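A.B. asks: For reference, the file target32.csv (CSV, C-alpha atoms and all ligand atoms) is included below:
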chain,number,residue,atom,x,y,z
A,448,MET,CA,19.3,36.2,-8.6
A,449,ALA,CA,19.4,35.5,-12.3
A,450,HIS,CA,15.8,35.3,-13.6
A,451,ARG,CA,15.4,32.4,-16.1
A,452,GLY,CA,19.3,32.5,-16.1
A,453,ALA,CA,21.1,35.6,-17.5
A,454,SER,CA,18.1,35.8,-19.8
A,455,ALA,CA,18.9,39.3,-21.2
A,456,GLU,CA,22.1,37.8,-22.7
A,457,ALA,CA,21.2,34.2,-23.6
A,458,PRO,CA,17.9,32.4,-24.4
A,459,GLU,CA,15.9,32.1,-21.2
A,460,HIS,CA,15.9,28.8,-19.3
A,461,THR,CA,18.8,27.3,-21.4
A,462,LEU,CA,21.9,26.0,-19.7
A,463,ALA,CA,23.8,28.7,-21.6
A,464,ALA,CA,21.8,31.3,-19.7
A,465,TYR,CA,22.5,29.7,-16.4
A,466,THR,CA,26.2,29.1,-16.9
A,467,THR,CA,26.5,32.7,-18.0
A,468,ALA,CA,24.9,33.6,-14.6
A,469,PHE,CA,27.2,31.4,-12.6
A,470,GLY,CA,30.2,33.0,-14.3
A,471,LEU,CA,29.0,36.4,-13.2
A,472,GLY,CA,29.1,35.4,-9.5
A,473,VAL,CA,25.3,35.6,-8.9
A,474,ASP,CA,24.0,34.4,-5.5
A,475,GLY,CA,21.5,32.2,-7.2
A,476,ILE,CA,19.1,31.6,-10.1
A,477,GLU,CA,15.4,31.5,-10.8
A,478,CYS,CA,13.7,28.8,-12.9
A,479,ASP,CA,10.1,28.0,-13.9
A,480,VAL,CA,9.1,24.3,-14.2
A,481,ARG,CA,6.4,22.7,-16.2
A,482,LEU,CA,5.4,19.0,-16.6
A,483,THR,CA,5.5,17.3,-20.0
A,484,ALA,CA,2.9,14.8,-21.2
A,485,ASP,CA,5.2,12.0,-20.1
A,486,HIS,CA,5.8,13.7,-16.7
A,487,HIS,CA,9.2,15.2,-17.0
A,488,LEU,CA,9.9,18.6,-15.4
A,489,VAL,CA,11.3,21.0,-18.0
A,490,CYS,CA,12.4,24.6,-17.5
A,491,VAL,CA,10.0,26.6,-19.5
A,492,HIS,CA,8.0,29.7,-18.6
A,493,ASP,CA,5.0,29.7,-21.0
A,494,ARG,CA,2.2,27.2,-21.1
A,495,ARG,CA,2.9,26.9,-24.9
A,496,VAL,CA,6.3,26.3,-26.6
A,497,ASP,CA,5.6,28.9,-29.4
A,498,ARG,CA,7.4,32.0,-28.0
A,499,THR,CA,10.7,30.4,-27.0
A,500,SER,CA,11.1,27.6,-29.6
A,501,ASN,CA,10.5,26.8,-33.2
A,502,GLY,CA,7.6,24.5,-32.3
A,503,ASP,CA,4.0,25.0,-31.4
A,504,GLY,CA,1.7,23.5,-28.9
A,505,VAL,CA,1.1,23.2,-25.2
A,506,ILE,CA,3.9,21.7,-23.0
A,507,SER,CA,1.6,19.5,-21.0
A,508,THR,CA,0.4,17.7,-24.2
A,509,LEU,CA,3.9,17.1,-25.6
A,510,GLU,CA,6.4,14.4,-24.7
A,511,LEU,CA,10.0,15.2,-23.7
A,512,ALA,CA,11.5,13.6,-26.8
A,513,HIS,CA,9.5,15.9,-29.0
A,514,LEU,CA,10.4,19.0,-26.9
A,515,GLU,CA,14.1,18.0,-27.0
A,516,GLY,CA,13.9,18.0,-30.8
A,517,LEU,CA,13.0,21.7,-31.0
A,518,ASP,CA,15.3,24.7,-31.3
A,519,TRP,CA,15.0,26.8,-28.1
A,520,GLY,CA,17.6,29.4,-29.0
A,521,SER,CA,17.2,30.9,-32.4
A,522,TRP,CA,14.3,33.1,-31.4
A,523,LYS,CA,16.6,35.1,-29.1
A,524,HIS,CA,17.9,38.5,-30.2
A,525,LEU,CA,19.4,41.2,-28.1
A,526,ASP,CA,17.8,44.7,-27.7
A,527,ASP,CA,19.6,45.9,-30.8
A,528,GLY,CA,18.3,43.0,-32.9
A,529,SER,CA,21.6,41.2,-33.1
A,530,ALA,CA,22.1,37.5,-32.2
A,531,PRO,CA,23.8,37.0,-28.7
A,532,GLU,CA,27.5,36.5,-28.8
A,533,GLY,CA,28.5,32.9,-29.5
A,534,ALA,CA,25.0,32.0,-30.5
A,535,ASP,CA,26.3,29.9,-33.4
A,536,ARG,CA,29.0,28.1,-31.3
A,537,ASP,CA,27.3,26.9,-28.1
A,538,PRO,CA,24.8,24.1,-28.7
A,539,GLU,CA,23.4,24.6,-25.2
A,540,ARG,CA,21.9,27.9,-26.5
A,541,GLY,CA,19.4,25.9,-28.5
A,542,ARG,CA,18.8,23.0,-26.2
A,543,LEU,CA,15.8,22.3,-23.9
A,544,LEU,CA,16.8,22.2,-20.3
A,545,THR,CA,15.2,19.7,-17.8
A,546,LEU,CA,15.2,20.4,-14.1
A,547,ARG,CA,17.5,17.5,-13.6
A,548,ARG,CA,20.1,18.9,-16.0
A,549,LEU,CA,19.9,22.3,-14.3
A,550,LEU,CA,20.4,20.9,-10.8
A,551,ASP,CA,23.2,18.7,-12.0
A,552,ALA,CA,25.0,21.8,-13.4
A,553,LEU,CA,24.2,23.7,-10.2
A,554,THR,CA,25.6,21.1,-7.8
A,555,ARG,CA,28.8,20.9,-9.9
A,556,GLN,CA,29.4,24.5,-9.1
A,557,ASN,CA,30.1,23.4,-5.5
A,558,GLN,CA,29.0,26.8,-4.1
A,559,GLU,CA,26.3,27.9,-1.7
A,560,LEU,CA,24.1,28.9,-4.7
A,561,LEU,CA,20.3,29.4,-4.1
A,562,THR,CA,17.9,28.0,-6.7
A,563,LEU,CA,14.4,29.4,-6.8
A,564,VAL,CA,12.1,26.9,-8.5
A,565,GLU,CA,8.7,28.3,-9.5
A,566,THR,CA,6.0,25.7,-10.2
A,567,LYS,CA,3.8,26.5,-13.2
A,568,HIS,CA,1.2,23.9,-12.7
A,569,PRO,CA,-1.4,22.8,-15.2
A,570,THR,CA,-4.5,22.1,-13.1
A,571,ARG,CA,-5.1,18.9,-15.1
A,572,TYR,CA,-2.2,17.3,-13.2
A,573,GLY,CA,-3.5,17.8,-9.7
A,574,GLY,CA,-0.5,17.5,-7.4
A,575,LEU,CA,1.7,15.7,-9.8
A,576,VAL,CA,4.0,18.7,-10.5
A,577,GLU,CA,4.8,19.0,-6.8
A,578,ARG,CA,5.3,15.3,-6.4
A,579,GLN,CA,7.7,15.1,-9.4
A,580,LEU,CA,9.5,18.2,-8.1
A,581,VAL,CA,10.1,16.6,-4.7
A,582,THR,CA,11.3,13.4,-6.4
A,583,VAL,CA,13.9,15.4,-8.4
A,584,LEU,CA,14.9,17.6,-5.4
A,585,ARG,CA,15.5,14.4,-3.3
A,586,GLU,CA,17.7,13.0,-6.0
A,587,PHE,CA,20.0,16.0,-5.5
A,588,ALA,CA,19.6,16.0,-1.7
A,589,LEU,CA,18.0,19.4,-1.8
A,590,THR,CA,15.0,18.6,0.5
A,591,GLY,CA,16.9,18.5,3.7
A,592,GLY,CA,17.0,22.3,4.5
A,593,ASP,CA,19.9,24.6,4.1
A,594,ARG,CA,23.4,23.4,4.9
A,595,PRO,CA,26.7,25.4,4.8
A,596,ASN,CA,28.6,25.3,1.5
A,597,GLN,CA,25.9,23.4,-0.3
A,598,PRO,CA,23.4,24.5,-3.0
A,599,HIS,CA,20.0,25.1,-1.6
A,600,VAL,CA,16.5,25.6,-2.9
A,601,ARG,CA,13.3,27.6,-2.4
A,602,VAL,CA,10.0,26.7,-4.1
A,603,MET,CA,8.0,29.7,-5.3
A,604,SER,CA,4.4,29.9,-6.5
A,605,PHE,CA,1.5,32.3,-7.1
A,606,SER,CA,-0.7,29.4,-6.0
A,607,LEU,CA,-1.2,28.9,-2.3
A,608,LEU,CA,-2.6,25.4,-3.1
A,609,ALA,CA,0.7,24.5,-4.8
A,610,LEU,CA,2.7,25.8,-1.8
A,611,MET,CA,0.6,23.9,0.7
A,612,ARG,CA,1.1,20.7,-1.3
A,613,MET,CA,4.8,21.3,-1.2
A,614,ARG,CA,4.7,21.9,2.5
A,615,GLY,CA,2.9,18.5,2.9
A,616,LEU,CA,5.4,16.6,0.7
A,617,ALA,CA,8.7,18.3,1.8
A,618,PRO,CA,8.3,20.3,5.0
A,619,ASP,CA,12.0,21.2,5.0
A,620,VAL,CA,11.9,23.1,1.7
A,621,PRO,CA,11.4,26.8,2.3
A,622,LEU,CA,8.5,28.4,0.4
A,623,VAL,CA,8.1,31.8,-1.2
A,624,TYR,CA,4.6,33.2,-1.9
A,625,LEU,CA,4.6,35.2,-5.1
A,626,VAL,CA,2.3,38.3,-5.3
A,627,GLU,CA,1.6,40.2,-8.5
A,628,GLN,CA,0.3,43.7,-8.9
A,629,SER,CA,-3.3,42.6,-9.5
A,630,ALA,CA,-3.3,40.4,-6.3
A,631,PRO,CA,-5.6,41.2,-3.4
A,632,ARG,CA,-4.2,43.9,-1.2
A,633,PHE,CA,-4.1,41.7,1.9
A,634,SER,CA,-0.4,40.8,1.4
A,635,TRP,CA,0.6,44.5,1.0
A,636,ASP,CA,0.2,45.2,4.7
A,637,GLY,CA,2.8,42.5,5.4
A,638,SER,CA,0.4,39.6,6.2
A,639,LEU,CA,1.0,36.2,4.6
A,640,PRO,CA,-0.7,32.9,4.7
A,641,THR,CA,0.1,30.9,7.9
A,642,GLY,CA,3.4,29.1,7.8
A,643,ILE,CA,4.9,31.2,5.0
A,644,THR,CA,7.7,33.6,5.9
A,645,ALA,CA,8.9,34.8,2.5
A,646,VAL,CA,7.2,36.9,-0.2
A,647,GLY,CA,8.1,37.5,-3.8
A,648,LEU,CA,6.7,40.9,-4.8
A,649,ASP,CA,6.1,42.2,-8.3
A,650,VAL,CA,8.4,45.2,-8.7
A,651,ARG,CA,5.4,47.3,-9.7
A,652,ILE,CA,4.0,46.9,-6.2
A,653,VAL,CA,7.2,48.1,-4.7
A,654,ARG,CA,7.3,51.1,-7.0
A,655,ARG,CA,3.8,52.1,-6.1
A,656,THR,CA,3.8,51.2,-2.4
A,657,PRO,CA,7.4,51.0,-1.2
A,658,SER,CA,6.3,50.7,2.5
A,659,VAL,CA,5.2,47.1,1.7
A,660,VAL,CA,8.9,46.0,2.1
A,661,HIS,CA,9.1,47.4,5.6
A,662,ALA,CA,5.7,46.0,6.4
A,663,HIS,CA,7.0,42.5,5.6
A,664,HIS,CA,10.3,43.1,7.3
A,665,ARG,CA,8.5,44.2,10.5
A,666,ARG,CA,6.8,40.8,10.5
A,667,GLY,CA,10.1,39.0,10.0
A,668,HIS,CA,9.5,38.0,6.4
A,669,THR,CA,12.2,37.7,3.7
A,670,VAL,CA,11.4,39.9,0.8
A,671,TYR,CA,12.2,38.9,-2.8
A,672,VAL,CA,11.4,41.4,-5.7
A,673,TRP,CA,11.0,40.5,-9.4
A,674,THR,CA,11.7,41.4,-12.1
A,675,VAL,CA,14.1,44.2,-11.4
A,676,ASN,CA,15.7,45.3,-14.7
A,677,ASP,CA,15.8,49.1,-14.5
A,678,ASP,CA,18.4,51.2,-12.7
A,679,GLU,CA,15.8,53.1,-10.7
A,680,ASP,CA,14.2,49.9,-9.5
A,681,VAL,CA,17.6,48.4,-8.5
A,682,GLU,CA,18.4,51.6,-6.5
A,683,ARG,CA,14.9,51.5,-4.9
A,684,CYS,CA,15.3,47.9,-3.8
A,685,ALA,CA,18.8,48.5,-2.4
A,686,GLU,CA,17.6,51.6,-0.4
A,687,LEU,CA,14.6,49.7,0.9
A,688,GLY,CA,16.7,46.8,2.1
A,689,VAL,CA,15.1,44.2,-0.2
A,690,ASP,CA,16.7,40.8,0.6
A,691,VAL,CA,16.7,39.3,-2.9
A,692,ILE,CA,16.7,41.1,-6.3
A,693,ILE,CA,15.6,38.9,-9.2
A,694,SER,CA,16.7,40.2,-12.6
A,695,ASP,CA,17.0,39.3,-16.2
A,696,ARG,CA,20.2,41.5,-16.2
A,697,PRO,CA,22.3,40.1,-13.4
A,698,ARG,CA,25.5,41.5,-15.0
A,699,HIS,CA,24.1,45.0,-14.9
A,700,VAL,CA,22.6,44.7,-11.4
A,701,LEU,CA,25.8,43.4,-9.9
A,702,ALA,CA,27.8,46.3,-11.5
A,703,LEU,CA,25.2,48.8,-10.1
A,704,LEU,CA,25.3,47.3,-6.6
A,705,ASP,CA,29.1,47.4,-6.6
B,801,LIG,O1,10.5,35.3,-9.8
B,801,LIG,C1,9.1,35.3,-9.9
B,801,LIG,C2,8.7,35.7,-11.3
B,801,LIG,O2,9.5,34.9,-12.2
B,801,LIG,C3,7.3,35.5,-11.5
B,801,LIG,O3,6.8,35.9,-12.7
B,801,LIG,O4,6.0,35.4,-15.0
B,801,LIG,O5,8.4,35.8,-14.7
B,801,LIG,O6,7.3,33.7,-13.8
B,801,LIG,P1,7.1,35.1,-14.1
B,802,CA,CA,9.2,32.7,-12.8
If you took the structure in this file and wrote it as structure tokens, what would it be?
Ligand code: G3P
Ligand code: CA

C.D. replies:
Amino acid sequence: MAHRGASAEAPEHTLAAYTTAFGLGVDGIECDVRLTADHHLVCVHDRRVDRTSNGDGVISTLELAHLEGLDWGSWKHLDDGSAPEGADRDPERGRLLTLRRLLDALTRQNQELLTLVETKHPTRYGGLVERQLVTVLREFALTGGDRPNQPHVRVMSFSLLALMRMRGLAPDVPLVYLVEQSAPRFSWDGSLPTGITAVGLDVRIVRRTPSVVHAHHRRGHTVYVWTVNDDEDVERCAELGVDVIISDRPRHVLALLD
């Protein structure tokens, strides 16, 4: 799965990053969503716009029109300091992506692609992020469970409260409970909150305690691991039978797995 799109090659969370990933033949994509001040869901990781645009401020205090006026691509440089190929030609490399535009592009692919939507939810909005998410997923007929040859969706969160809200609003949408290295150890023995059967593990947990993958598999859970960018981690995940590898470098991971 392409984490924030093919985000090593193109500015994260732009349509350019996602279309690059589709072209590579990934099985799916990951995307973070945040709510703007006027209640649109936009694909941005950070609470603030500063790192990935030429603006400044907190997403939840800014309106969509303002965010759409920012440049979301010029900050991106490759590891060697150069601008990504085609950076000056593709306007999508600098354009904010809304969840609706991403799902529109995804459904046009006409493949069984999986979309992992992670809710980043400012507490000031209560359950509004989840309600807006369900509204948008319904527009694209993505709340009816998995169907053959159709795109499908999982909702991921570090917040159990956010997942429970989703369960209440759209029981057919499968959920993934994200666990980071600093999380309490309870999830490491393979236990998960009631009703959740998929876990998204920080790759550092898998490095330190590889048996966590088998512990979850023994309980019948699907295991996602993020963010898997190094060769050693890709090999470790493959050997352990991890179900879903989430990477900023899908081109490289696919070549390694081949
Ligand atoms: O796929 C889960 C992963 O994206 C969680 O961490 O900080 O990259 O959103 P983060
Ligand atoms: Ca994420």

A.B. asks: Kindly indicate which residue among A:Asp677, A:Asp695, A:Asp537, A:Glu559 lies nearest to Ala468 in chain A, using only C-alpha atoms for the distances.

C.D. replies: A:Asp695

A.B. asks: Could you pull the residues within 9 Å of range 546-551 of chain A, counting only C-alpha atoms, minus those fewer than 3 positions along the same chain, as an MDAnalysis selection string?

C.D. replies: chainID A and resid 461:462 465 478 480 487:490 554:556 562 580 583:584 586:587

A.B. asks: Store the residues of this selection in a file with C-alpha atoms, as a CSV table (one decimal), in the frame of the given file.

C.D. replies:
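Written file, again15.csv:
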chain,number,residue,atom,x,y,z
A,461,THR,CA,18.8,27.3,-21.4
A,462,LEU,CA,21.9,26.0,-19.7
A,465,TYR,CA,22.5,29.7,-16.4
A,478,CYS,CA,13.7,28.8,-12.9
A,480,VAL,CA,9.1,24.3,-14.2
A,487,HIS,CA,9.2,15.2,-17.0
A,488,LEU,CA,9.9,18.6,-15.4
A,489,VAL,CA,11.3,21.0,-18.0
A,490,CYS,CA,12.4,24.6,-17.5
A,554,THR,CA,25.6,21.1,-7.8
A,555,ARG,CA,28.8,20.9,-9.9
A,556,GLN,CA,29.4,24.5,-9.1
A,562,THR,CA,17.9,28.0,-6.7
A,580,LEU,CA,9.5,18.2,-8.1
A,583,VAL,CA,13.9,15.4,-8.4
A,584,LEU,CA,14.9,17.6,-5.4
A,586,GLU,CA,17.7,13.0,-6.0
A,587,PHE,CA,20.0,16.0,-5.5

A.B. asks: When you count only C-alpha atoms, which of these residues is closest to Asp690 in chain A: A:Asp479, A:Asp593, A:Glu459, A:Asp474?

C.D. replies: A:Asp474

A.B. asks: Show me which residues line ligand LIG 801 (chain B), defined as having an atom within 7 Å of a ligand atom where all atoms listed in the file count, and present them as a compact mmCIF listing (two decimals) with C-alpha atoms, keeping the file's coordinate frame.

C.D. replies:
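Produced file part.txt, reproduced below:
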# COMPACT_ATOMS: atom_id res chain seq x y z
CA HIS A 450 15.80 35.30 -13.60
CA GLU A 477 15.40 31.50 -10.80
CA ASP A 479 10.10 28.00 -13.90
CA HIS A 492 8.00 29.70 -18.60
CA LEU A 625 4.60 35.20 -5.10
CA GLY A 647 8.10 37.50 -3.80
CA TRP A 673 11.00 40.50 -9.40
CA THR A 674 11.70 41.40 -12.10
CA ILE A 693 15.60 38.90 -9.20

A.B. asks: Tell me, as a ChimeraX atom specification, which residues lie within 9 Å of range 512-517 of chain A, counting all atoms listed in the file; anything in the same chain fewer than 6 positions away does not count.

C.D. replies: /A:483,496,500-502,506,541-544

A.B. asks: With distances taken over only C-alpha atoms and all ligand atoms, which of A:Val659, A:Val672, A:Ala685, A:Leu607 is nearest to ligand CA 802 (chain B)?

C.D. replies: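 Checking each candidate against ligand CA 802 (chain B), we get A:Val672 as the closest.
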
A.B. asks: One decimal, Å: what's the distance from CA of Leu471 in chain A over to CA of Ala702 in chain A, could you say?

C.D. replies: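 According to the coordinates, CA of Leu471 in chain A and CA of Ala702 in chain A are separated by 10.1 Å.
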
A.B. asks: Pick out the closest residue to ligand CA 802 (chain B) from this set: A:His568, A:Arg666, A:Arg655, A:His524. Count only C-alpha atoms and all ligand atoms.

C.D. replies: A:His568

A.B. asks: Closest to ligand CA 802 (chain B) among A:Trp635, A:Gly615, A:Ala609, A:Leu563, using all atoms listed in the file?

C.D. replies: A:Leu563

A.B. asks: Report the distance between CA of Gly452 in chain A and CA of Val700 in chain A in Å, rounded to one decimal place.

C.D. replies: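 Separation of CA of Gly452 in chain A and CA of Val700 in chain A: 13.5 Å.
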
A.B. asks: When you count all atoms listed in the file, which of these residues is closest to Gly472 in chain A: A:Leu560, A:Val491, A:Ile652, A:Ala457?

C.D. replies: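 Among the listed residues, the smallest separation from Gly472 in chain A belongs to A:Leu560.
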
A.B. asks: Near Pro595 in chain A, within 12 Å and counting all atoms listed in the file, which residues show up once chain neighbours fewer than 2 positions away are dropped, as a JSON list (two decimals) with C-alpha atoms, keeping the file's coordinate frame?

C.D. replies:
[["chain", "number", "residue", "atom", "x", "y", "z"],
["A", 557, "ASN", "CA", 30.10, 23.40, -5.50],
["A", 558, "GLN", "CA", 29.00, 26.80, -4.10],
["A", 559, "GLU", "CA", 26.30, 27.90, -1.70],
["A", 560, "LEU", "CA", 24.10, 28.90, -4.70],
["A", 561, "LEU", "CA", 20.30, 29.40, -4.10],
["A", 592, "GLY", "CA", 17.00, 22.30, 4.50],
["A", 593, "ASP", "CA", 19.90, 24.60, 4.10],
["A", 597, "GLN", "CA", 25.90, 23.40, -0.30],
["A", 598, "PRO", "CA", 23.40, 24.50, -3.00],
["A", 599, "HIS", "CA", 20.00, 25.10, -1.60]]

A.B. asks: Report, in Å to a single decimal, how far apart CA of Val689 in chain A and CA of Met613 in chain A are.

C.D. replies: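 Spanning CA of Met613 in chain A to CA of Val689 in chain A is a straight-line distance of 25.1 Å.
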
A.B. asks: Just the residues within 7 Å of Met603 in chain A, please, counting only C-alpha atoms, with nothing from its chain fewer than 2 positions along; format it as an MDAnalysis selection string.

C.D. replies: chainID A and resid 563:566 601 622:625

A.B. asks: Determine, counting all atoms listed in the file, which protein, DNA and RNA residues have an atom within 12 Å of an atom of Leu704 in chain A; residues of the same chain fewer than 4 positions away are not included. Present the result as number ranges by chain.

C.D. replies: A: 473, 678-686, 692, 697-700

A.B. asks: Is there a way to complete range 572-582 of chain A with all heavy atoms and then write that out as a compact mmCIF listing (two decimals), in the coordinates of the input?

C.D. replies:
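The resulting file, selection-v2.txt, is shown below:
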# COMPACT_ATOMS: atom_id res chain seq x y z
N TYR A 572 -3.10 18.27 -13.86
CA TYR A 572 -2.20 17.30 -13.20
C TYR A 572 -2.41 17.18 -11.71
O TYR A 572 -1.70 16.43 -11.08
CB TYR A 572 -0.76 17.64 -13.52
CG TYR A 572 -0.35 17.26 -14.91
CD1 TYR A 572 0.22 18.19 -15.77
CD2 TYR A 572 -0.52 15.96 -15.37
CE1 TYR A 572 0.60 17.84 -17.05
CE2 TYR A 572 -0.14 15.60 -16.65
CZ TYR A 572 0.42 16.55 -17.49
OH TYR A 572 0.80 16.19 -18.75
N GLY A 573 -3.33 17.93 -11.15
CA GLY A 573 -3.50 17.80 -9.70
C GLY A 573 -2.18 18.12 -9.01
O GLY A 573 -1.50 19.07 -9.34
N GLY A 574 -1.74 17.30 -8.10
CA GLY A 574 -0.50 17.50 -7.40
C GLY A 574 0.72 16.90 -7.99
O GLY A 574 1.78 16.85 -7.37
N LEU A 575 0.62 16.44 -9.23
CA LEU A 575 1.70 15.70 -9.80
C LEU A 575 2.99 16.55 -10.02
O LEU A 575 4.11 16.08 -9.86
CB LEU A 575 1.28 15.10 -11.16
CG LEU A 575 2.19 14.06 -11.79
CD1 LEU A 575 2.53 12.95 -10.81
CD2 LEU A 575 1.51 13.48 -13.03
N VAL A 576 2.80 17.83 -10.34
CA VAL A 576 4.00 18.70 -10.50
C VAL A 576 4.78 18.75 -9.22
O VAL A 576 6.01 18.59 -9.22
CB VAL A 576 3.53 20.13 -10.91
CG1 VAL A 576 4.72 21.08 -10.93
CG2 VAL A 576 2.85 20.12 -12.26
N GLU A 577 4.08 18.93 -8.11
CA GLU A 577 4.80 19.00 -6.80
C GLU A 577 5.43 17.68 -6.46
O GLU A 577 6.56 17.65 -5.96
CB GLU A 577 3.83 19.49 -5.72
CG GLU A 577 3.38 20.94 -5.83
CD GLU A 577 2.27 21.14 -6.88
OE1 GLU A 577 1.57 20.16 -7.24
OE2 GLU A 577 2.11 22.28 -7.35
N ARG A 578 4.73 16.58 -6.73
CA ARG A 578 5.30 15.30 -6.40
C ARG A 578 6.56 14.99 -7.23
O ARG A 578 7.57 14.52 -6.71
CB ARG A 578 4.27 14.15 -6.61
CG ARG A 578 3.16 14.17 -5.56
CD ARG A 578 2.46 12.82 -5.43
NE ARG A 578 1.75 12.44 -6.64
CZ ARG A 578 0.52 12.89 -6.98
NH1 ARG A 578 -0.11 13.74 -6.20
NH2 ARG A 578 -0.05 12.49 -8.10
N GLN A 579 6.50 15.32 -8.50
CA GLN A 579 7.70 15.10 -9.40
C GLN A 579 8.82 16.04 -8.91
O GLN A 579 9.97 15.65 -8.91
CB GLN A 579 7.33 15.44 -10.82
CG GLN A 579 6.45 14.41 -11.48
CD GLN A 579 7.16 13.07 -11.62
OE1 GLN A 579 7.04 12.22 -10.74
NE2 GLN A 579 7.91 12.88 -12.67
N LEU A 580 8.46 17.25 -8.52
CA LEU A 580 9.50 18.20 -8.10
C LEU A 580 10.21 17.65 -6.84
O LEU A 580 11.44 17.68 -6.76
CB LEU A 580 8.84 19.56 -7.78
CG LEU A 580 9.75 20.64 -7.20
CD1 LEU A 580 10.96 20.89 -8.10
CD2 LEU A 580 8.97 21.95 -7.02
N VAL A 581 9.44 17.14 -5.89
CA VAL A 581 10.10 16.60 -4.70
C VAL A 581 10.94 15.41 -5.02
O VAL A 581 12.06 15.27 -4.49
CB VAL A 581 8.98 16.25 -3.61
CG1 VAL A 581 9.58 15.47 -2.45
CG2 VAL A 581 8.31 17.52 -3.12
N THR A 582 10.50 14.56 -5.93
CA THR A 582 11.30 13.40 -6.40
C THR A 582 12.67 13.89 -6.89
O THR A 582 13.73 13.38 -6.51
CB THR A 582 10.58 12.61 -7.47
OG1 THR A 582 9.35 12.15 -6.93
CG2 THR A 582 11.40 11.44 -7.95
